[in-house]
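Colleague: One structure coming up, written as structure tokens, with questions to follow.
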Amino acid sequence: MQLRALTTTVALFAVATLATAAGTSPAVPPAPELVTQTVQQRTALPVLVDCLWHPRVRPTNFMLACGDGNSRLASLRWTRWDARGARAEGVNWVNDCKPYCAAGHFHAYPVTVRLDRSRPWKKQPQVSHYSRIRLTYPAARPEQFGPTVSYPLWD
């Protein structure tokens, strides 16, 4: 949705610029303020920093176990993403590591994901990032996991 708004704004700005260059009055006023506002809104939201140190907003997938890839979130559907926190429903794919991780099998567990504790990101202090993730398992869950688990997120 945001990409569509940005694309429309850029297209309108291009039409206005061409009309001005042709010596005619533009049918649509230039929109650089809207472009600036859209970019400012996008950077004002906290981000989720992934394993490769990329800032992400509302990712559909997220690797929890960066070192070995044995736990990841998939099919995330975000219902909230703001300065106070974020919430999504999705699936946590976890390797059972039986008899050992390389020979283990991945199992899917429905999960509710919550992000909070927005803080300045050390790599880019002007950007805020979520520093904690909480997973809640409404039904089955990986062995040795409680119904809710929390992890600090990397900075």
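The chains in the structure tokens are called A, B, ... from first to last as shown; in each chain the residues are counted from 1, and the ligands are counted from 1 in the order shown.
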Show which residues sit within 7 Å of range 48-57 of chain A, as a PyMOL selection string. Count only C-alpha atoms, and ignore same-chain residues fewer than 6 positions away.

Modeller: chain A and resi 63+66+129-130

Colleague: Produce a file of the selected residues containing N, CA, C and O atoms, as a CSV table (one decimal), in the first residue's frame.

Modeller:
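As a result, out_11.csv now contains:
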```
chain,number,residue,atom,x,y,z
A,63,MET,N,14.2,-14.8,10.3
A,63,MET,CA,15.1,-15.9,10.9
A,63,MET,C,15.3,-15.6,12.4
A,63,MET,O,15.9,-14.5,12.7
A,66,CYS,N,19.9,-17.2,13.7
A,66,CYS,CA,20.8,-16.7,12.6
A,66,CYS,C,22.0,-17.7,12.4
A,66,CYS,O,22.4,-17.9,11.3
A,129,HIS,N,14.6,0.7,16.6
A,129,HIS,CA,14.4,-0.7,16.3
A,129,HIS,C,13.8,-1.4,17.5
A,129,HIS,O,13.9,-1.0,18.6
A,130,TYR,N,13.0,-2.5,17.2
A,130,TYR,CA,12.4,-3.3,18.3
A,130,TYR,C,13.6,-4.1,18.9
A,130,TYR,O,14.4,-4.7,18.2
```

Colleague: Just give me the gap between CA of Leu153 in chain A and CA of Phe62 in chain A in Å, one decimal is fine.

Modeller: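 Straight-line distance from CA of Leu153 in chain A to CA of Phe62 in chain A works out to 11.8 Å.
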
Colleague: I need the residue nearest Asp82 in chain A from this list: A:Pro46, A:Pro138, A:Gly67, A:Pro99. Use only C-alpha atoms for the distance.

Modeller: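 When distances to Asp82 in chain A are compared using only C-alpha atoms, the smallest one comes from A:Pro46.
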
Colleague: Excluding Leu115 in chain A and its own-chain neighbours fewer than 4 positions away, which residues fall within 8 Å of it when counting only C-alpha atoms? Please give them as a PyMOL selection string.

Modeller: chain A and resi 85-87+130-134
